[in-house]
Amino acid sequence: MPSRKTFFAPDQIYHVFNRSLNRQPIFSHRRNCERALLVLFFYQHYPRPSSLSHFIKMSSDRKEKAEEMLKKAIKRIEILAFCLMPNHFHLLIREKQGLKTSRFLSDFQNSYTRYFNIYHKRKGYLFQGQFKAVRIETDEQLLHVSRYIHLNPYSSYIVKDFDQLKDYPWSSLGEYLNIFDHKICEKETLLSYFPTVKKFEKFIFNQKDYQRDLETIKHLVLE
């Protein structure tokens with residue numbers, strides 16, 4: 001597949017997504033998803049206290065100190081929202097001045113691919129070539145895309161109801177609702193549009209069935 005150069009502008013927000021080769025499940029087991037979240041957390045920061053492989057092998061005390069160092073480090077990019085689905089991922093990210101989002105995405109995909117290949121005793125590419133990225137141009141688009149990302153497990157029938165969606169551990173929704181403490185997201189941007197977290201939660205859920213209908217129609221048309 002030919003590569004496509006994506007140019008990122010500083011301080012702009014992008015919806016980034018990519019799918020696995022042949023739509024094979026790559027985020028379907030807890031261990032795999034936990035590793036993907038760790039990679040997202042780790043590679044946001046610069047400088048880093050060690051390589052990821054050394055970080056994973058650290059003792060609890062050393063790892064705790066390394067995590068404190070990471071929290072004080074510069075974020076290469078800011079992740080506003082994320083969702084891991086069985087065969088693809090969504091990220092809502094902001095480019096930072098002088099730091100390359102494309103490098104972060106390459107680090108994420110390459111690191112996760114190395115882990116996945118070793119763990120599953122396979123070789124070769126895992127993702128469909130170049131990731132896709134769409135620049136967010138308006139506040140309305142930002143809010144719509146954030147809702148789309150957070151509703152993905154529901155609209156794709158991975159979960160069946162609100163309670164399961166809120167407890168879905170592989171998206172940033174639980175981080176926003178203070179159910180999980182992934183320490184991955186910059187939450188202030190999206191929450192600044194709402195007076196309370198409860199209002200944000202209501203906004204996410206008030207289009208759930210409409211989005212599920214769109215996903216069903218899209219599935220029928222594509223197949």
# chains A, B, ... in the order shown; residues from 1 in each chain; ligands from 1
call {"tool": "select_by_dssp", "arguments": {"residues": "region 63-209 of chain A", "states": "strand (DSSP E)", "output": "mmCIF file with N, CA, C and O atoms, in the first residue's frame"}}
result
data_model
loop_
_atom_site.group_PDB
_atom_site.id
_atom_site.type_symbol
_atom_site.label_atom_id
_atom_site.label_comp_id
_atom_site.auth_asym_id
_atom_site.auth_seq_id
_atom_site.Cartn_x
_atom_site.Cartn_y
_atom_site.Cartn_z
ATOM 1 N N ILE A 74 7.963 16.879 29.454
ATOM 2 C CA ILE A 74 7.160 17.546 28.435
ATOM 3 C C ILE A 74 6.347 16.508 27.677
ATOM 4 O O ILE A 74 6.852 15.436 27.330
ATOM 5 N N LYS A 75 5.073 16.812 27.407
ATOM 6 C CA LYS A 75 4.267 15.922 26.580
ATOM 7 C C LYS A 75 4.516 16.240 25.111
ATOM 8 O O LYS A 75 4.357 17.378 24.685
ATOM 9 N N ILE A 77 2.781 15.173 22.635
ATOM 10 C CA ILE A 77 1.451 15.493 22.113
ATOM 11 C C ILE A 77 0.483 15.388 23.293
ATOM 12 O O ILE A 77 0.836 14.865 24.356
ATOM 13 N N GLU A 78 -0.715 15.897 23.114
ATOM 14 C CA GLU A 78 -1.769 15.740 24.121
ATOM 15 C C GLU A 78 -2.869 14.875 23.535
ATOM 16 O O GLU A 78 -3.356 15.140 22.427
ATOM 17 N N ILE A 79 -3.255 13.850 24.269
ATOM 18 C CA ILE A 79 -4.360 12.978 23.861
ATOM 19 C C ILE A 79 -5.625 13.472 24.555
ATOM 20 O O ILE A 79 -5.709 13.482 25.777
ATOM 21 N N LEU A 80 -6.601 13.905 23.764
ATOM 22 C CA LEU A 80 -7.857 14.402 24.317
ATOM 23 C C LEU A 80 -8.876 13.284 24.475
ATOM 24 O O LEU A 80 -9.759 13.366 25.338
ATOM 25 N N ALA A 81 -8.800 12.266 23.634
ATOM 26 C CA ALA A 81 -9.707 11.121 23.725
ATOM 27 C C ALA A 81 -9.078 9.942 22.994
ATOM 28 O O ALA A 81 -8.280 10.134 22.067
ATOM 29 N N PHE A 82 -9.459 8.733 23.399
ATOM 30 C CA PHE A 82 -8.970 7.541 22.713
ATOM 31 C C PHE A 82 -9.976 6.421 22.863
ATOM 32 O O PHE A 82 -10.822 6.423 23.775
ATOM 33 N N CYS A 83 -9.891 5.457 21.965
ATOM 34 C CA CYS A 83 -10.694 4.241 22.090
ATOM 35 C C CYS A 83 -10.006 3.122 21.333
ATOM 36 O O CYS A 83 -9.617 3.291 20.170
ATOM 37 N N LEU A 84 -9.825 2.003 22.006
ATOM 38 C CA LEU A 84 -9.318 0.788 21.379
ATOM 39 C C LEU A 84 -10.505 -0.111 21.079
ATOM 40 O O LEU A 84 -11.270 -0.471 21.973
ATOM 41 N N MET A 85 -10.664 -0.472 19.820
ATOM 42 C CA MET A 85 -11.680 -1.425 19.397
ATOM 43 C C MET A 85 -10.964 -2.707 18.986
ATOM 44 O O MET A 85 -9.743 -2.718 18.800
ATOM 45 N N HIS A 88 -9.224 -1.888 15.529
ATOM 46 C CA HIS A 88 -8.768 -0.549 15.162
ATOM 47 C C HIS A 88 -8.695 0.339 16.397
ATOM 48 O O HIS A 88 -9.134 -0.037 17.483
ATOM 49 N N PHE A 89 -8.105 1.527 16.199
ATOM 50 C CA PHE A 89 -8.038 2.492 17.292
ATOM 51 C C PHE A 89 -8.417 3.877 16.794
ATOM 52 O O PHE A 89 -8.300 4.193 15.605
ATOM 53 N N HIS A 90 -8.900 4.707 17.724
ATOM 54 C CA HIS A 90 -9.183 6.120 17.489
ATOM 55 C C HIS A 90 -8.415 6.945 18.509
ATOM 56 O O HIS A 90 -8.391 6.602 19.696
ATOM 57 N N LEU A 91 -7.822 8.055 18.052
ATOM 58 C CA LEU A 91 -7.178 9.011 18.940
ATOM 59 C C LEU A 91 -7.620 10.409 18.548
ATOM 60 O O LEU A 91 -7.747 10.723 17.361
ATOM 61 N N LEU A 92 -7.867 11.235 19.541
ATOM 62 C CA LEU A 92 -8.098 12.658 19.329
ATOM 63 C C LEU A 92 -6.918 13.365 19.969
ATOM 64 O O LEU A 92 -6.771 13.359 21.196
ATOM 65 N N ILE A 93 -6.022 13.932 19.152
ATOM 66 C CA ILE A 93 -4.742 14.403 19.662
ATOM 67 C C ILE A 93 -4.443 15.830 19.207
ATOM 68 O O ILE A 93 -4.945 16.284 18.190
ATOM 69 N N ARG A 94 -3.632 16.510 20.017
ATOM 70 C CA ARG A 94 -3.210 17.870 19.685
ATOM 71 C C ARG A 94 -1.705 17.895 19.462
ATOM 72 O O ARG A 94 -0.930 17.450 20.305
ATOM 73 N N GLU A 95 -1.318 18.437 18.316
ATOM 74 C CA GLU A 95 0.093 18.620 18.002
ATOM 75 C C GLU A 95 0.696 19.692 18.906
ATOM 76 O O GLU A 95 0.094 20.739 19.136
ATOM 77 N N LYS A 132 -4.746 7.305 9.188
ATOM 78 C CA LYS A 132 -5.544 8.395 8.626
ATOM 79 C C LYS A 132 -5.694 9.480 9.681
ATOM 80 O O LYS A 132 -5.842 9.183 10.864
ATOM 81 N N ALA A 133 -5.677 10.729 9.255
ATOM 82 C CA ALA A 133 -5.796 11.850 10.183
ATOM 83 C C ALA A 133 -6.664 12.943 9.577
ATOM 84 O O ALA A 133 -6.499 13.293 8.402
ATOM 85 N N VAL A 134 -7.605 13.458 10.368
ATOM 86 C CA VAL A 134 -8.488 14.537 9.941
ATOM 87 C C VAL A 134 -8.347 15.687 10.924
ATOM 88 O O VAL A 134 -8.507 15.491 12.140
ATOM 89 N N ARG A 135 -8.047 16.890 10.413
ATOM 90 C CA ARG A 135 -7.892 18.046 11.300
ATOM 91 C C ARG A 135 -9.249 18.538 11.782
ATOM 92 O O ARG A 135 -10.202 18.635 11.014
#
call {"tool": "select_by_dssp", "arguments": {"residues": "region 82-203 of chain A", "states": "alpha helix (DSSP H)", "output": "count of residues only"}}
result
57
call {"tool": "residues_around", "arguments": {"residues": "region 21-24 of chain A", "least_positions_apart": "3", "cutoff": "7 Å", "atoms": "only C-alpha atoms", "output": "JSON list (two decimals) with N, CA and C atoms, in the first residue's frame"}}
result
[["chain", "number", "residue", "atom", "x", "y", "z"],
["A", 87, "ASN", "N", -10.35, -4.32, 16.30],
["A", 87, "ASN", "CA", -9.43, -4.31, 15.16],
["A", 87, "ASN", "C", -9.01, -2.92, 14.70],
["A", 126, "LEU", "N", 1.30, -5.07, 11.23],
["A", 126, "LEU", "CA", 0.08, -5.29, 12.00],
["A", 126, "LEU", "C", -1.03, -4.33, 11.56],
["A", 127, "PHE", "N", -0.65, -3.11, 11.17],
["A", 127, "PHE", "CA", -1.62, -2.08, 10.81],
["A", 127, "PHE", "C", -1.65, -1.86, 9.30],
["A", 128, "GLN", "N", -2.76, -1.25, 8.84],
["A", 128, "GLN", "CA", -2.96, -0.99, 7.42],
["A", 128, "GLN", "C", -2.18, 0.24, 6.97]]
call {"tool": "residues_around", "arguments": {"residues": "Lys183 (chain A)", "least_positions_apart": "4", "cutoff": "10 Å", "atoms": "only C-alpha atoms", "output": "list of chain:residue names"}}
result
A:Leu37, A:Leu38, A:Leu40, A:Phe41, A:Lys71, A:Ser172, A:Glu175, A:Lys187
call {"tool": "write_last_selection", "arguments": {"atoms": "N, CA, C and O atoms", "output": "PDB file, in the first residue's frame"}}
result
ATOM      1  N   LEU A  37      -2.348   0.715  26.152  1.00  0.00           N
ATOM      2  CA  LEU A  37      -2.527   1.906  26.984  1.00  0.00           C
ATOM      3  C   LEU A  37      -1.197   2.347  27.595  1.00  0.00           C
ATOM      4  O   LEU A  37      -0.927   3.553  27.700  1.00  0.00           O
ATOM      5  N   LEU A  38      -0.385   1.388  27.997  1.00  0.00           N
ATOM      6  CA  LEU A  38       0.933   1.729  28.530  1.00  0.00           C
ATOM      7  C   LEU A  38       1.775   2.435  27.470  1.00  0.00           C
ATOM      8  O   LEU A  38       2.465   3.422  27.759  1.00  0.00           O
ATOM      9  N   LEU A  40       0.671   4.188  24.915  1.00  0.00           N
ATOM     10  CA  LEU A  40       0.126   5.537  24.736  1.00  0.00           C
ATOM     11  C   LEU A  40       0.613   6.477  25.834  1.00  0.00           C
ATOM     12  O   LEU A  40       0.987   7.627  25.563  1.00  0.00           O
ATOM     13  N   PHE A  41       0.592   6.012  27.057  1.00  0.00           N
ATOM     14  CA  PHE A  41       1.046   6.831  28.184  1.00  0.00           C
ATOM     15  C   PHE A  41       2.536   7.132  28.076  1.00  0.00           C
ATOM     16  O   PHE A  41       2.966   8.290  28.206  1.00  0.00           O
ATOM     17  N   LYS A  71       5.574  12.233  34.577  1.00  0.00           N
ATOM     18  CA  LYS A  71       4.531  13.236  34.798  1.00  0.00           C
ATOM     19  C   LYS A  71       5.092  14.653  34.701  1.00  0.00           C
ATOM     20  O   LYS A  71       4.382  15.596  34.330  1.00  0.00           O
ATOM     21  N   SER A 172     -11.271   6.434  26.728  1.00  0.00           N
ATOM     22  CA  SER A 172     -11.048   7.525  27.682  1.00  0.00           C
ATOM     23  C   SER A 172     -12.317   7.966  28.390  1.00  0.00           C
ATOM     24  O   SER A 172     -12.257   8.805  29.292  1.00  0.00           O
ATOM     25  N   GLU A 175     -12.082   7.562  32.004  1.00  0.00           N
ATOM     26  CA  GLU A 175     -11.145   8.526  32.581  1.00  0.00           C
ATOM     27  C   GLU A 175     -11.848   9.862  32.820  1.00  0.00           C
ATOM     28  O   GLU A 175     -11.651  10.505  33.851  1.00  0.00           O
ATOM     29  N   LYS A 187      -7.780  16.405  29.876  1.00  0.00           N
ATOM     30  CA  LYS A 187      -9.243  16.456  29.921  1.00  0.00           C
ATOM     31  C   LYS A 187      -9.811  17.870  29.917  1.00  0.00           C
ATOM     32  O   LYS A 187     -11.003  18.059  29.653  1.00  0.00           O
TER      33      LYS A 187
END
call {"tool": "closest_residue", "arguments": {"among": "A:Asp61, A:Cys33, A:Tyr176, A:Glu68", "to": "Arg48 (chain A)", "atoms": "only C-alpha atoms"}}
result
A:Glu68
call {"tool": "residues_around", "arguments": {"residues": "Asn178 (chain A)", "least_positions_apart": "4", "cutoff": "10 Å", "atoms": "only C-alpha atoms", "output": "PDB file with all heavy atoms, in the first residue's frame"}}
result
ATOM      1  N   LYS A 166     -19.735   2.814  30.163  1.00  0.00           N
ATOM      2  CA  LYS A 166     -18.969   3.564  31.164  1.00  0.00           C
ATOM      3  C   LYS A 166     -17.862   2.704  31.770  1.00  0.00           C
ATOM      4  O   LYS A 166     -16.805   3.216  32.151  1.00  0.00           O
ATOM      5  CB  LYS A 166     -19.899   4.084  32.265  1.00  0.00           C
ATOM      6  CG  LYS A 166     -20.813   5.198  31.795  1.00  0.00           C
ATOM      7  CD  LYS A 166     -21.484   5.924  32.946  1.00  0.00           C
ATOM      8  CE  LYS A 166     -22.517   5.076  33.633  1.00  0.00           C
ATOM      9  NZ  LYS A 166     -23.271   5.848  34.655  1.00  0.00           N
ATOM     10  N   SER A 172     -11.271   6.434  26.728  1.00  0.00           N
ATOM     11  CA  SER A 172     -11.048   7.525  27.682  1.00  0.00           C
ATOM     12  C   SER A 172     -12.317   7.966  28.390  1.00  0.00           C
ATOM     13  O   SER A 172     -12.257   8.805  29.292  1.00  0.00           O
ATOM     14  CB  SER A 172     -10.416   8.725  26.968  1.00  0.00           C
ATOM     15  OG  SER A 172     -11.122   9.065  25.801  1.00  0.00           O
ATOM     16  N   LEU A 173     -13.483   7.412  28.019  1.00  0.00           N
ATOM     17  CA  LEU A 173     -14.722   7.836  28.670  1.00  0.00           C
ATOM     18  C   LEU A 173     -14.640   7.612  30.176  1.00  0.00           C
ATOM     19  O   LEU A 173     -15.014   8.489  30.964  1.00  0.00           O
ATOM     20  CB  LEU A 173     -15.921   7.082  28.084  1.00  0.00           C
ATOM     21  CG  LEU A 173     -17.276   7.467  28.675  1.00  0.00           C
ATOM     22  CD1 LEU A 173     -17.572   8.946  28.464  1.00  0.00           C
ATOM     23  CD2 LEU A 173     -18.388   6.597  28.067  1.00  0.00           C
ATOM     24  N   GLY A 174     -14.172   6.437  30.600  1.00  0.00           N
ATOM     25  CA  GLY A 174     -14.058   6.151  32.026  1.00  0.00           C
ATOM     26  C   GLY A 174     -13.086   7.077  32.730  1.00  0.00           C
ATOM     27  O   GLY A 174     -13.248   7.379  33.918  1.00  0.00           O
ATOM     28  N   HIS A 182      -6.313   6.322  34.001  1.00  0.00           N
ATOM     29  CA  HIS A 182      -5.291   5.934  33.033  1.00  0.00           C
ATOM     30  C   HIS A 182      -4.132   6.931  32.966  1.00  0.00           C
ATOM     31  O   HIS A 182      -3.035   6.568  32.548  1.00  0.00           O
ATOM     32  CB  HIS A 182      -5.910   5.813  31.634  1.00  0.00           C
ATOM     33  CG  HIS A 182      -6.942   4.741  31.505  1.00  0.00           C
ATOM     34  ND1 HIS A 182      -6.724   3.442  31.905  1.00  0.00           N
ATOM     35  CD2 HIS A 182      -8.207   4.767  30.996  1.00  0.00           C
ATOM     36  CE1 HIS A 182      -7.801   2.710  31.664  1.00  0.00           C
ATOM     37  NE2 HIS A 182      -8.711   3.490  31.110  1.00  0.00           N
ATOM     38  N   VAL A 197     -19.068  17.547  34.931  1.00  0.00           N
ATOM     39  CA  VAL A 197     -18.792  16.267  34.290  1.00  0.00           C
ATOM     40  C   VAL A 197     -20.097  15.556  33.940  1.00  0.00           C
ATOM     41  O   VAL A 197     -20.199  14.878  32.909  1.00  0.00           O
ATOM     42  CB  VAL A 197     -17.921  15.373  35.208  1.00  0.00           C
ATOM     43  CG1 VAL A 197     -17.775  13.965  34.627  1.00  0.00           C
ATOM     44  CG2 VAL A 197     -16.547  15.994  35.412  1.00  0.00           C
TER      45      VAL A 197
END
call {"tool": "closest_residue", "arguments": {"among": "A:Val159, A:Ile184, A:Leu143, A:Met58", "to": "Ile204 (chain A)", "atoms": "only C-alpha atoms"}}
result
A:Leu143
call {"tool": "atom_distance", "arguments": {"atom1": "CA of Gly124 (chain A)", "atom2": "CA of Ser111 (chain A)"}}
result
12.9 Å
call {"tool": "closest_residue", "arguments": {"among": "A:Ala66, A:Ile26, A:Val145, A:Ala73", "to": "Tyr46 (chain A)", "atoms": "only C-alpha atoms"}}
result
A:Ala73
call {"tool": "residues_around", "arguments": {"residues": "Phe8 (chain A)", "least_positions_apart": "3", "cutoff": "8 Å", "atoms": "only C-alpha atoms", "output": "PyMOL selection string"}}
result
chain A and resi 12+95+100-102
call {"tool": "closest_residue", "arguments": {"among": "A:Tyr168, A:Leu177, A:Thr113, A:Cys185", "to": "Tyr154 (chain A)", "atoms": "only C-alpha atoms"}}
result
A:Tyr168
call {"tool": "decode", "arguments": {"residues": "region 134-148 of chain A", "atoms": "all heavy atoms", "output": "PDB file, in the first residue's frame"}}
result
ATOM      1  N   VAL A 134      -7.605  13.458  10.368  1.00  0.00           N
ATOM      2  CA  VAL A 134      -8.488  14.537   9.941  1.00  0.00           C
ATOM      3  C   VAL A 134      -8.347  15.687  10.924  1.00  0.00           C
ATOM      4  O   VAL A 134      -8.507  15.491  12.140  1.00  0.00           O
ATOM      5  CB  VAL A 134      -9.960  14.071   9.887  1.00  0.00           C
ATOM      6  CG1 VAL A 134     -10.879  15.236   9.513  1.00  0.00           C
ATOM      7  CG2 VAL A 134     -10.126  12.915   8.907  1.00  0.00           C
ATOM      8  N   ARG A 135      -8.047  16.890  10.413  1.00  0.00           N
ATOM      9  CA  ARG A 135      -7.892  18.046  11.300  1.00  0.00           C
ATOM     10  C   ARG A 135      -9.249  18.538  11.782  1.00  0.00           C
ATOM     11  O   ARG A 135     -10.202  18.635  11.014  1.00  0.00           O
ATOM     12  CB  ARG A 135      -7.160  19.182  10.590  1.00  0.00           C
ATOM     13  CG  ARG A 135      -6.832  20.355  11.515  1.00  0.00           C
ATOM     14  CD  ARG A 135      -5.834  21.304  10.872  1.00  0.00           C
ATOM     15  NE  ARG A 135      -6.419  22.062   9.801  1.00  0.00           N
ATOM     16  CZ  ARG A 135      -7.035  23.249   9.957  1.00  0.00           C
ATOM     17  NH1 ARG A 135      -7.144  23.771  11.171  1.00  0.00           N
ATOM     18  NH2 ARG A 135      -7.523  23.886   8.928  1.00  0.00           N
ATOM     19  N   ILE A 136      -9.333  18.822  13.072  1.00  0.00           N
ATOM     20  CA  ILE A 136     -10.550  19.369  13.664  1.00  0.00           C
ATOM     21  C   ILE A 136     -10.553  20.885  13.442  1.00  0.00           C
ATOM     22  O   ILE A 136      -9.627  21.586  13.851  1.00  0.00           O
ATOM     23  CB  ILE A 136     -10.614  19.055  15.169  1.00  0.00           C
ATOM     24  CG1 ILE A 136     -10.538  17.544  15.396  1.00  0.00           C
ATOM     25  CG2 ILE A 136     -11.877  19.641  15.779  1.00  0.00           C
ATOM     26  CD1 ILE A 136     -11.650  16.750  14.777  1.00  0.00           C
ATOM     27  N   GLU A 137     -11.603  21.406  12.808  1.00  0.00           N
ATOM     28  CA  GLU A 137     -11.611  22.802  12.391  1.00  0.00           C
ATOM     29  C   GLU A 137     -12.561  23.687  13.192  1.00  0.00           C
ATOM     30  O   GLU A 137     -12.434  24.912  13.160  1.00  0.00           O
ATOM     31  CB  GLU A 137     -11.953  22.895  10.904  1.00  0.00           C
ATOM     32  CG  GLU A 137     -10.933  22.169  10.019  1.00  0.00           C
ATOM     33  CD  GLU A 137     -11.236  22.300   8.541  1.00  0.00           C
ATOM     34  OE1 GLU A 137     -12.300  22.871   8.201  1.00  0.00           O
ATOM     35  OE2 GLU A 137     -10.418  21.848   7.721  1.00  0.00           O
ATOM     36  N   THR A 138     -13.530  23.105  13.889  1.00  0.00           N
ATOM     37  CA  THR A 138     -14.489  23.902  14.652  1.00  0.00           C
ATOM     38  C   THR A 138     -14.740  23.268  16.011  1.00  0.00           C
ATOM     39  O   THR A 138     -14.483  22.077  16.215  1.00  0.00           O
ATOM     40  CB  THR A 138     -15.838  24.026  13.912  1.00  0.00           C
ATOM     41  OG1 THR A 138     -16.454  22.720  13.844  1.00  0.00           O
ATOM     42  CG2 THR A 138     -15.646  24.575  12.500  1.00  0.00           C
ATOM     43  N   ASP A 139     -15.287  24.052  16.933  1.00  0.00           N
ATOM     44  CA  ASP A 139     -15.663  23.517  18.243  1.00  0.00           C
ATOM     45  C   ASP A 139     -16.733  22.441  18.094  1.00  0.00           C
ATOM     46  O   ASP A 139     -16.706  21.419  18.796  1.00  0.00           O
ATOM     47  CB  ASP A 139     -16.189  24.637  19.142  1.00  0.00           C
ATOM     48  CG  ASP A 139     -15.104  25.615  19.551  1.00  0.00           C
ATOM     49  OD1 ASP A 139     -13.920  25.309  19.321  1.00  0.00           O
ATOM     50  OD2 ASP A 139     -15.436  26.685  20.089  1.00  0.00           O
ATOM     51  N   GLU A 140     -17.674  22.677  17.204  1.00  0.00           N
ATOM     52  CA  GLU A 140     -18.748  21.700  16.993  1.00  0.00           C
ATOM     53  C   GLU A 140     -18.189  20.364  16.510  1.00  0.00           C
ATOM     54  O   GLU A 140     -18.596  19.287  16.978  1.00  0.00           O
ATOM     55  CB  GLU A 140     -19.740  22.241  15.961  1.00  0.00           C
ATOM     56  CG  GLU A 140     -20.926  21.315  15.704  1.00  0.00           C
ATOM     57  CD  GLU A 140     -21.892  21.886  14.682  1.00  0.00           C
ATOM     58  OE1 GLU A 140     -21.543  22.884  14.028  1.00  0.00           O
ATOM     59  OE2 GLU A 140     -22.992  21.323  14.539  1.00  0.00           O
ATOM     60  N   GLN A 141     -17.233  20.419  15.589  1.00  0.00           N
ATOM     61  CA  GLN A 141     -16.606  19.200  15.095  1.00  0.00           C
ATOM     62  C   GLN A 141     -15.836  18.494  16.206  1.00  0.00           C
ATOM     63  O   GLN A 141     -15.868  17.262  16.325  1.00  0.00           O
ATOM     64  CB  GLN A 141     -15.676  19.529  13.931  1.00  0.00           C
ATOM     65  CG  GLN A 141     -15.054  18.301  13.269  1.00  0.00           C
ATOM     66  CD  GLN A 141     -14.045  18.675  12.198  1.00  0.00           C
ATOM     67  OE1 GLN A 141     -13.694  19.837  12.041  1.00  0.00           O
ATOM     68  NE2 GLN A 141     -13.573  17.692  11.457  1.00  0.00           N
ATOM     69  N   LEU A 142     -15.137  19.266  17.045  1.00  0.00           N
ATOM     70  CA  LEU A 142     -14.390  18.692  18.157  1.00  0.00           C
ATOM     71  C   LEU A 142     -15.312  17.900  19.073  1.00  0.00           C
ATOM     72  O   LEU A 142     -15.016  16.751  19.443  1.00  0.00           O
ATOM     73  CB  LEU A 142     -13.697  19.800  18.945  1.00  0.00           C
ATOM     74  CG  LEU A 142     -13.012  19.391  20.251  1.00  0.00           C
ATOM     75  CD1 LEU A 142     -11.871  18.423  19.978  1.00  0.00           C
ATOM     76  CD2 LEU A 142     -12.520  20.614  21.007  1.00  0.00           C
ATOM     77  N   LEU A 143     -16.439  18.490  19.445  1.00  0.00           N
ATOM     78  CA  LEU A 143     -17.364  17.826  20.354  1.00  0.00           C
ATOM     79  C   LEU A 143     -18.010  16.608  19.689  1.00  0.00           C
ATOM     80  O   LEU A 143     -18.181  15.563  20.318  1.00  0.00           O
ATOM     81  CB  LEU A 143     -18.428  18.808  20.828  1.00  0.00           C
ATOM     82  CG  LEU A 143     -17.903  19.957  21.688  1.00  0.00           C
ATOM     83  CD1 LEU A 143     -19.021  20.946  22.009  1.00  0.00           C
ATOM     84  CD2 LEU A 143     -17.273  19.437  22.972  1.00  0.00           C
ATOM     85  N   HIS A 144     -18.361  16.746  18.420  1.00  0.00           N
ATOM     86  CA  HIS A 144     -18.984  15.631  17.708  1.00  0.00           C
ATOM     87  C   HIS A 144     -18.033  14.441  17.612  1.00  0.00           C
ATOM     88  O   HIS A 144     -18.420  13.295  17.861  1.00  0.00           O
ATOM     89  CB  HIS A 144     -19.408  16.078  16.305  1.00  0.00           C
ATOM     90  CG  HIS A 144     -19.870  14.945  15.438  1.00  0.00           C
ATOM     91  ND1 HIS A 144     -21.108  14.347  15.583  1.00  0.00           N
ATOM     92  CD2 HIS A 144     -19.245  14.267  14.430  1.00  0.00           C
ATOM     93  CE1 HIS A 144     -21.237  13.368  14.705  1.00  0.00           C
ATOM     94  NE2 HIS A 144     -20.119  13.300  13.990  1.00  0.00           N
ATOM     95  N   VAL A 145     -16.772  14.710  17.254  1.00  0.00           N
ATOM     96  CA  VAL A 145     -15.800  13.623  17.108  1.00  0.00           C
ATOM     97  C   VAL A 145     -15.503  12.976  18.459  1.00  0.00           C
ATOM     98  O   VAL A 145     -15.369  11.752  18.553  1.00  0.00           O
ATOM     99  CB  VAL A 145     -14.509  14.137  16.440  1.00  0.00           C
ATOM    100  CG1 VAL A 145     -13.414  13.070  16.477  1.00  0.00           C
ATOM    101  CG2 VAL A 145     -14.779  14.545  15.001  1.00  0.00           C
ATOM    102  N   SER A 146     -15.409  13.785  19.512  1.00  0.00           N
ATOM    103  CA  SER A 146     -15.167  13.197  20.837  1.00  0.00           C
ATOM    104  C   SER A 146     -16.311  12.274  21.236  1.00  0.00           C
ATOM    105  O   SER A 146     -16.090  11.203  21.811  1.00  0.00           O
ATOM    106  CB  SER A 146     -14.976  14.298  21.885  1.00  0.00           C
ATOM    107  OG  SER A 146     -16.186  14.976  22.157  1.00  0.00           O
ATOM    108  N   ARG A 147     -17.540  12.679  20.914  1.00  0.00           N
ATOM    109  CA  ARG A 147     -18.690  11.820  21.222  1.00  0.00           C
ATOM    110  C   ARG A 147     -18.658  10.556  20.369  1.00  0.00           C
ATOM    111  O   ARG A 147     -18.921   9.449  20.861  1.00  0.00           O
ATOM    112  CB  ARG A 147     -19.996  12.585  20.998  1.00  0.00           C
ATOM    113  CG  ARG A 147     -21.235  11.739  21.243  1.00  0.00           C
ATOM    114  CD  ARG A 147     -22.483  12.591  21.389  1.00  0.00           C
ATOM    115  NE  ARG A 147     -22.703  13.430  20.221  1.00  0.00           N
ATOM    116  CZ  ARG A 147     -23.588  14.437  20.194  1.00  0.00           C
ATOM    117  NH1 ARG A 147     -24.313  14.707  21.269  1.00  0.00           N
ATOM    118  NH2 ARG A 147     -23.750  15.154  19.107  1.00  0.00           N
ATOM    119  N   TYR A 148     -18.325  10.719  19.088  1.00  0.00           N
ATOM    120  CA  TYR A 148     -18.241   9.558  18.197  1.00  0.00           C
ATOM    121  C   TYR A 148     -17.227   8.539  18.728  1.00  0.00           C
ATOM    122  O   TYR A 148     -17.498   7.336  18.759  1.00  0.00           O
ATOM    123  CB  TYR A 148     -17.843  10.015  16.793  1.00  0.00           C
ATOM    124  CG  TYR A 148     -17.528   8.874  15.864  1.00  0.00           C
ATOM    125  CD1 TYR A 148     -18.546   8.171  15.223  1.00  0.00           C
ATOM    126  CD2 TYR A 148     -16.206   8.478  15.639  1.00  0.00           C
ATOM    127  CE1 TYR A 148     -18.265   7.108  14.382  1.00  0.00           C
ATOM    128  CE2 TYR A 148     -15.914   7.413  14.799  1.00  0.00           C
ATOM    129  CZ  TYR A 148     -16.945   6.740  14.175  1.00  0.00           C
ATOM    130  OH  TYR A 148     -16.664   5.679  13.351  1.00  0.00           O
TER     131      TYR A 148
END
